[in-house]
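Here the structure is laid out as structure tokens; the discussion comes afterwards.
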Amino acid sequence: MKAVNSSISKIDGMGLIKGKPVYTDDLASRDSLIVKVLRSPHAFARIKKIDTSIAEKVPGVECIFTHKNITRKPFTRAGQCYPELSAYDKFLLDEHVRHVGDDVAIVAAVDEKTAVKAMKLIKVEYEVLEPVLDYEKAEGHSTIVHPEEDIFTNINVGFDREKNIACKVGLELGNADEILKDCDVVIKRTYRSQAQAQAMAETQRTYTYMDMHGRLVVVSSTQIPFHIRRILATALDIPESMIRVIKPRVGGGFGAKQTVQSEFYPALVTWKTGKPAKIIYTRREVFRGTTSRHAMKFDVTIGANKDGKIKAIDLQGISDTGAYGEHSHTTIGAAGKKVLTLYNKVDAVRFNGTALYTNHVPGGALRGFGVTQGIFAVESALNELAGELKIDPVKIREMNMIKKGETTKLLNMTTKDWGDAPMHMDSCMLEYCVSRGKELIEWDENYPNIKISDTKVRGVGMAIAQQGSGLPKIDMASAVLKLNADGFFNLLIGATDIGTGSDTILAQIAAETLGVDVSRIIVYSSDTDITPYDSGAYASSTTYTTGNAVIDAAKNMKSLIVKYGAEYFNTDENNIVFDGSNITRNDNKESISLNDFSKKITYNMIHTQLVASGSFVPKKTAPPYMAGFAEVEVDLETGKVDVINYVGVVDCGTPINPKLSKIQVEGGIVQGIGMALYEEAKYTPEGRLINDTFMEYKIPTRRDIGNIIVELADGYDETGPYGAKSIGEVVINTIAPAITDAIYNACGVRIRDLPATPEKVLTELLQKR
């Protein structure tokens, strides 16, 4: 292979380094109205009275919207394929505000100073209501977070607003209760993982304007341009045909931009006034007004024989979906479905998950998407089981984990939406990942711990994980290739590069299939008017799903080149060979270069433009795998934990671009370290987020992450583009359980409630003493 499995630099890298104007705010017109959102100071309240009369008189104020002067229509902000599994429980503006930071009014003015002044002059009288601030007590709480009766779900997902239930998920295989009775050892543990912020560099932002045809154009930093078009059409009650969405460069998303957020407000202003508008979220607005990772609690029961054979796993979970149910079903479902299938030799598995409404900032998508929380619980429990049985944690996994060539059944969902077809693990390299990771961390020499001094001890821990590669029979991607005069190609894709380098990877795939140099592929992505449909950048789908669509388009383009090459040489198509540089007639070796051929068919001979399209819908999950190994140092006097080494060995099939793949692994490990040790969304007793800027919300710096060692397994999945599977999400899942087990092995302190802060570790150490 020439282009694939090559560590070329990102095709947009130099432009970004030079600071070229390519981001949303760079593209906004200077005469744009500045849009601001007045946000609720209360966790739960009803707006009794809202007076905008004084604010409207401020010179430069264009318009102000409240729930009284816009159409009331429920929708979901979750960027998911239609029909969405998330409840339609959000309104553009509503009489009720359900979390501190919820939207109360929309202000548009000629500049920011004027908009802020007008916002302060809006008088709001609230009836403050009792909020639900503990998701463990939310079900059946006397307060109903959504008292309105006009919200609904498209699909039966167990939604029950009167009990504060956004959804329920049930998975089952075998009779867990009966199998657990026959086990030699049964452990029962409870684990909690916290709300975590996505903390991307670029905040949410959107610029809107009306084009010459009277259509609404939305330029936004997003992961889901095609879903935005549909969701905006629903919220604004206008046809999709009247909306065009353009995604420029994106300064990171990590799932935060899989939910429609900033797009509503300037879109409404522009649609009503006809004037361009933009909104730029402050960092505080991102924390208070968007989404975070769902906080989750899991009760885990594992039964096993004395020799370590796991016979049954029972996982009961609840999720804090916050004020709205965006992504609630898919995240809690993934916490079971994409975790429990790691251990396919069990006799019984049971999973029940419930997502509950509270008056917190809504939960949403964040790298790992529920699997991260589920893996923390199950892998932590497995490490504790290994300790009970006095078996090496590596060995107990080698005995029980899924391996190449084996089959697991998809767990039956109570809704019957997913079926129970078997999954064949034809490309699973998990055994290698575990073996190689053990070697790189020097497990046998360091397990369980090494004493560094009287006050410092180092311990090692490990965990395994899997994820998916897109959503089978749900996601869809398309690609279009156009051959231009001079022999270069335009690749049009709806896929959304959010900084991962997917434009580069898809160009490599196109180049490999066509047999041309990557420089011959000019990528244009994510414009709903111009590029073909793509579900979006989520569910680890882009390389696998869109990559296969690109191959389909490139194969069709080659067929067109052969067809018109045969017409050019006046021969049969079977007599034509295209090698990426030349079109050659086999029998007499007559040849023409692609450059000359493209000019002739355009200008002189056939007068045609060669355009080919391709599409792909995944039929299976093609899961990637990872084994993670942590070495930490615990200060016994302070409880401080330092990550000395973290080894991640990943099976992503054949990496299209090994350099970019390794960067993905490194980034995921860093985010995982943050979740394991530092990051947590903290609330006051009244429900206000305390740490809502980067001054208070701490994410890891280079000093906090120690030595990261990454290797990619030499894998191949026959269903993936050139053998590739996904890599974007699986890389965060092993970190927290591996680190918390390393802490335990170092000092005997078991942290089951993330993050493992020095205060928690020291408290446990003092109690032990």
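Following the order of the structure tokens, first chain is A, next is B, and so on, with residues numbered from 1 inside each chain and ligands from 1 in the order they appear.
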- Task: DSSP on the backbone, then: every residue of region 579-740 of chain A marked alpha helix (DSSP H), written as a VMD selection string.
- Result: chain A and resid 594 to 599 658 to 677 735 to 740
For N, CA, C and O atoms, I'd like the residues from the last selection saved as a short mmCIF file (atom, residue, chain, number, x, y, z; two decimals), in the first residue's frame.
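New file out_12.cif:
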```cif
data_model
loop_
_atom_site.label_atom_id
_atom_site.label_comp_id
_atom_site.auth_asym_id
_atom_site.auth_seq_id
_atom_site.Cartn_x
_atom_site.Cartn_y
_atom_site.Cartn_z
N LEU A 594 -3.17 10.27 -17.09
CA LEU A 594 -4.43 10.72 -16.49
C LEU A 594 -4.61 12.22 -16.71
O LEU A 594 -5.72 12.69 -16.98
N ASN A 595 -3.52 12.99 -16.63
CA ASN A 595 -3.59 14.44 -16.85
C ASN A 595 -4.15 14.75 -18.24
O ASN A 595 -5.09 15.53 -18.40
N ASP A 596 -3.54 14.13 -19.26
CA ASP A 596 -3.97 14.40 -20.63
C ASP A 596 -5.38 13.86 -20.89
O ASP A 596 -6.19 14.50 -21.57
N PHE A 597 -5.65 12.69 -20.34
CA PHE A 597 -6.97 12.07 -20.54
C PHE A 597 -8.07 12.96 -19.97
O PHE A 597 -9.10 13.19 -20.60
N SER A 598 -7.84 13.49 -18.76
CA SER A 598 -8.86 14.32 -18.12
C SER A 598 -9.11 15.59 -18.92
O SER A 598 -10.25 16.08 -18.99
N LYS A 599 -8.08 16.14 -19.55
CA LYS A 599 -8.26 17.33 -20.38
C LYS A 599 -9.01 17.00 -21.66
O LYS A 599 -9.91 17.75 -22.08
N PRO A 658 -0.73 5.81 10.99
CA PRO A 658 -0.25 5.44 12.33
C PRO A 658 0.07 6.63 13.23
O PRO A 658 -0.19 6.60 14.43
N LYS A 659 0.60 7.71 12.65
CA LYS A 659 0.94 8.88 13.48
C LYS A 659 -0.31 9.49 14.09
O LYS A 659 -0.37 9.74 15.30
N LEU A 660 -1.32 9.72 13.26
CA LEU A 660 -2.56 10.29 13.79
C LEU A 660 -3.26 9.32 14.74
O LEU A 660 -3.90 9.75 15.70
N SER A 661 -3.13 8.03 14.49
CA SER A 661 -3.74 7.03 15.38
C SER A 661 -3.10 7.09 16.76
O SER A 661 -3.79 7.05 17.78
N LYS A 662 -1.79 7.17 16.80
CA LYS A 662 -1.10 7.21 18.09
C LYS A 662 -1.43 8.49 18.85
O LYS A 662 -1.54 8.49 20.08
N ILE A 663 -1.60 9.60 18.12
CA ILE A 663 -1.99 10.85 18.78
C ILE A 663 -3.36 10.70 19.41
O ILE A 663 -3.62 11.21 20.51
N GLN A 664 -4.26 9.98 18.72
CA GLN A 664 -5.58 9.71 19.30
C GLN A 664 -5.45 8.95 20.62
O GLN A 664 -6.14 9.25 21.60
N VAL A 665 -4.59 7.95 20.64
CA VAL A 665 -4.41 7.15 21.86
C VAL A 665 -3.85 8.02 22.98
O VAL A 665 -4.34 7.99 24.12
N GLU A 666 -2.83 8.80 22.66
CA GLU A 666 -2.23 9.66 23.68
C GLU A 666 -3.25 10.65 24.24
O GLU A 666 -3.33 10.86 25.46
N GLY A 667 -4.04 11.26 23.36
CA GLY A 667 -5.05 12.21 23.82
C GLY A 667 -6.10 11.57 24.69
O GLY A 667 -6.53 12.13 25.71
N GLY A 668 -6.54 10.37 24.31
CA GLY A 668 -7.53 9.66 25.12
C GLY A 668 -7.01 9.30 26.50
O GLY A 668 -7.73 9.37 27.50
N ILE A 669 -5.75 8.90 26.56
CA ILE A 669 -5.13 8.57 27.85
C ILE A 669 -5.07 9.80 28.75
O ILE A 669 -5.37 9.73 29.95
N VAL A 670 -4.71 10.95 28.17
CA VAL A 670 -4.65 12.18 28.97
C VAL A 670 -6.03 12.53 29.53
O VAL A 670 -6.17 12.86 30.71
N GLN A 671 -7.06 12.45 28.68
CA GLN A 671 -8.42 12.72 29.17
C GLN A 671 -8.82 11.73 30.25
O GLN A 671 -9.50 12.08 31.22
N GLY A 672 -8.41 10.48 30.08
CA GLY A 672 -8.72 9.46 31.09
C GLY A 672 -8.03 9.73 32.41
O GLY A 672 -8.60 9.48 33.48
N ILE A 673 -6.80 10.21 32.35
CA ILE A 673 -6.08 10.58 33.58
C ILE A 673 -6.83 11.70 34.29
O ILE A 673 -6.97 11.71 35.52
N GLY A 674 -7.33 12.66 33.51
CA GLY A 674 -8.12 13.74 34.10
C GLY A 674 -9.34 13.21 34.82
O GLY A 674 -9.66 13.63 35.94
N MET A 675 -10.05 12.29 34.17
CA MET A 675 -11.24 11.71 34.79
C MET A 675 -10.88 10.89 36.03
O MET A 675 -11.60 10.91 37.03
N ALA A 676 -9.79 10.19 35.97
CA ALA A 676 -9.40 9.32 37.08
C ALA A 676 -8.96 10.10 38.31
O ALA A 676 -9.25 9.69 39.45
N LEU A 677 -8.28 11.24 38.11
CA LEU A 677 -7.60 11.87 39.24
C LEU A 677 -8.04 13.30 39.55
O LEU A 677 -7.89 13.74 40.70
N ILE A 735 -8.47 3.79 31.42
CA ILE A 735 -7.57 4.60 32.26
C ILE A 735 -7.98 4.59 33.73
O ILE A 735 -7.18 4.28 34.62
N ALA A 736 -9.25 4.94 33.99
CA ALA A 736 -9.69 5.06 35.39
C ALA A 736 -9.59 3.74 36.15
O ALA A 736 -9.05 3.72 37.28
N PRO A 737 -10.08 2.61 35.63
CA PRO A 737 -9.95 1.37 36.41
C PRO A 737 -8.51 0.91 36.57
O PRO A 737 -8.16 0.34 37.61
N ALA A 738 -7.66 1.16 35.57
CA ALA A 738 -6.26 0.76 35.71
C ALA A 738 -5.56 1.61 36.77
O ALA A 738 -4.80 1.09 37.61
N ILE A 739 -5.82 2.91 36.78
CA ILE A 739 -5.17 3.80 37.75
C ILE A 739 -5.67 3.53 39.17
O ILE A 739 -4.87 3.46 40.12
N THR A 740 -6.98 3.35 39.34
CA THR A 740 -7.49 3.11 40.70
C THR A 740 -7.00 1.77 41.24
O THR A 740 -6.76 1.64 42.46
#
```
Residues near region 109-119 of chain A, cut-off 6 Å, only C-alpha atoms, skip fewer than 6 positions along chain, as a PDB file with N, CA, C and O atoms, in the first residue's frame:
```pdb
ATOM      1  N   LEU A  33     -25.135  40.892  13.913  1.00  0.00           N
ATOM      2  CA  LEU A  33     -25.706  41.175  15.227  1.00  0.00           C
ATOM      3  C   LEU A  33     -25.070  40.238  16.243  1.00  0.00           C
ATOM      4  O   LEU A  33     -24.807  39.069  15.944  1.00  0.00           O
ATOM      5  N   ILE A  34     -24.834  40.751  17.427  1.00  0.00           N
ATOM      6  CA  ILE A  34     -24.259  39.939  18.497  1.00  0.00           C
ATOM      7  C   ILE A  34     -25.408  39.393  19.343  1.00  0.00           C
ATOM      8  O   ILE A  34     -26.249  40.151  19.834  1.00  0.00           O
ATOM      9  N   ALA A  55     -35.302  47.010  28.328  1.00  0.00           N
ATOM     10  CA  ALA A  55     -34.179  46.497  27.547  1.00  0.00           C
ATOM     11  C   ALA A  55     -34.358  46.769  26.057  1.00  0.00           C
ATOM     12  O   ALA A  55     -33.390  47.072  25.338  1.00  0.00           O
ATOM     13  N   GLY A  60     -29.521  50.346  19.787  1.00  0.00           N
ATOM     14  CA  GLY A  60     -28.710  49.274  19.227  1.00  0.00           C
ATOM     15  C   GLY A  60     -29.273  47.888  19.437  1.00  0.00           C
ATOM     16  O   GLY A  60     -28.769  46.912  18.867  1.00  0.00           O
ATOM     17  N   VAL A  61     -30.326  47.766  20.251  1.00  0.00           N
ATOM     18  CA  VAL A  61     -30.959  46.461  20.452  1.00  0.00           C
ATOM     19  C   VAL A  61     -31.870  46.174  19.261  1.00  0.00           C
ATOM     20  O   VAL A  61     -32.745  46.986  18.915  1.00  0.00           O
ATOM     21  N   GLU A  62     -31.666  45.045  18.623  1.00  0.00           N
ATOM     22  CA  GLU A  62     -32.449  44.677  17.442  1.00  0.00           C
ATOM     23  C   GLU A  62     -33.726  43.942  17.819  1.00  0.00           C
ATOM     24  O   GLU A  62     -34.800  44.229  17.306  1.00  0.00           O
TER      25      GLU A  62
END
```
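The neighbours of Lys563 (chain A) here are the residues that come within 7 Å of it, using only C-alpha atoms and leaving out any residue fewer than 4 positions away in the same chain; they are Ser559, Glu567 and Glu573 of chain A.
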Atoms to include: N, CA, C and O atoms. Write the selected residues as a PDB file, in the first residue's frame.
```pdb
ATOM      1  N   SER A 559     -14.042   2.698 -12.384  1.00  0.00           N
ATOM      2  CA  SER A 559     -14.852   2.065 -13.437  1.00  0.00           C
ATOM      3  C   SER A 559     -15.199   3.071 -14.530  1.00  0.00           C
ATOM      4  O   SER A 559     -15.188   2.728 -15.731  1.00  0.00           O
ATOM      5  N   GLU A 567     -13.607   4.038 -24.536  1.00  0.00           N
ATOM      6  CA  GLU A 567     -14.194   4.841 -25.611  1.00  0.00           C
ATOM      7  C   GLU A 567     -13.110   5.664 -26.311  1.00  0.00           C
ATOM      8  O   GLU A 567     -13.117   5.803 -27.538  1.00  0.00           O
ATOM      9  N   GLU A 573     -13.790  -2.495 -22.662  1.00  0.00           N
ATOM     10  CA  GLU A 573     -13.351  -2.116 -21.314  1.00  0.00           C
ATOM     11  C   GLU A 573     -12.393  -3.132 -20.711  1.00  0.00           C
ATOM     12  O   GLU A 573     -11.510  -2.775 -19.927  1.00  0.00           O
TER      13      GLU A 573
END
```
- Interatomic distance between CA of Ala507 (chain A) and CA of Ile521 (chain A)? 5.9 Å
- Task: Go through A:Ala377, A:Val394, A:Val643, A:Ala386 and flag the residue nearest Lys306 (chain A), using only C-alpha atoms for the distances.
- Result: A:Ala386
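For the atom pair formed by CA of Thr546 (chain A) and CA of Asn344 (chain A), the distance is 29.4 Å, given to one decimal.
Atom to atom, CA of Thr331 (chain A) and CA of Ile751 (chain A) stand 23.3 Å apart.
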- Message: I'd like the neighbourhood of Ala201 (chain A) as a PyMOL selection string, where a residue qualifies if any of its atoms comes within 10 Å (using only C-alpha atoms), though same-chain residues fewer than 6 positions away should be ignored.
- Response: chain A and resi 250-253+283
- Note on the structure: Residue with the minimum atom-to-atom distance to Gln198 (chain A), picked from A:Tyr568, A:Phe694, A:Tyr135, A:Phe376 with only C-alpha atoms counted, is A:Phe694
- Item | strand (DSSP E) residues, from DSSP on the backbone, in region 148-340 of chain A, as an NGL selection string | :A and (165-173 or 185-193 or 205-210 or 216-220 or 243-246 or 277-280 or 292-293 or 295-304 or 310-322)
Quick one: contact table of region 300-347 of chain A to region 468-484 of chain A, 12 Å max, nearest atom pair and distance in Å to one decimal per residue, counting only C-alpha atoms, chain and number order, as JSON lines?
```
{"residue": "A:Thr330", "atom": "CA", "partner": "A:Leu471", "partner_atom": "CA", "distance": 10.7}
{"residue": "A:Ala334", "atom": "CA", "partner": "A:Gly468", "partner_atom": "CA", "distance": 9.6}
{"residue": "A:Lys337", "atom": "CA", "partner": "A:Gly468", "partner_atom": "CA", "distance": 10.4}
{"residue": "A:Lys338", "atom": "CA", "partner": "A:Gly468", "partner_atom": "CA", "distance": 7.5}
{"residue": "A:Val339", "atom": "CA", "partner": "A:Gly468", "partner_atom": "CA", "distance": 10.6}
{"residue": "A:Thr341", "atom": "CA", "partner": "A:Gly468", "partner_atom": "CA", "distance": 11.6}
{"residue": "A:Leu342", "atom": "CA", "partner": "A:Gly468", "partner_atom": "CA", "distance": 11.9}
```
Write out as a compact mmCIF listing (two decimals) with C-alpha atoms, in the first residue's frame each polymer residue whose atoms come within 10 Å of Met462 (chain A), counting only C-alpha atoms; drop sequence neighbours fewer than 4 positions from it.
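Everything below was put into part.txt:
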```
# COMPACT_ATOMS: atom_id res chain seq x y z
CA GLU A 379 -13.12 -3.66 35.23
CA SER A 380 -12.75 -2.35 38.78
CA ASN A 383 -9.73 -6.38 39.68
CA PRO A 393 -5.46 -9.54 37.23
CA VAL A 394 -3.81 -10.27 33.89
CA VAL A 434 -2.75 -7.69 26.97
CA GLY A 437 1.09 -4.26 27.50
CA LYS A 438 2.18 -6.57 30.30
CA ILE A 441 4.91 -2.06 31.82
CA TRP A 443 4.27 -6.27 35.05
CA ALA A 627 -5.33 -3.05 27.07
CA GLY A 628 -4.20 -0.34 29.46
CA PHE A 629 -1.54 -0.61 32.17
CA ALA A 630 -0.84 2.09 34.75
CA GLU A 631 2.10 2.63 37.06
CA TYR A 646 0.80 4.53 31.22
CA VAL A 647 0.96 1.86 28.54
CA GLY A 648 -1.79 1.62 25.96
CA THR A 734 -9.18 1.67 30.48
CA ILE A 735 -7.57 4.60 32.26
CA ALA A 736 -9.69 5.06 35.39
CA PRO A 737 -9.95 1.37 36.41
CA ALA A 738 -6.26 0.76 35.71
CA ILE A 739 -5.17 3.80 37.75
CA THR A 740 -7.49 3.11 40.70
CA ASP A 741 -6.26 -0.49 40.84
CA ALA A 742 -2.66 0.72 40.71
```
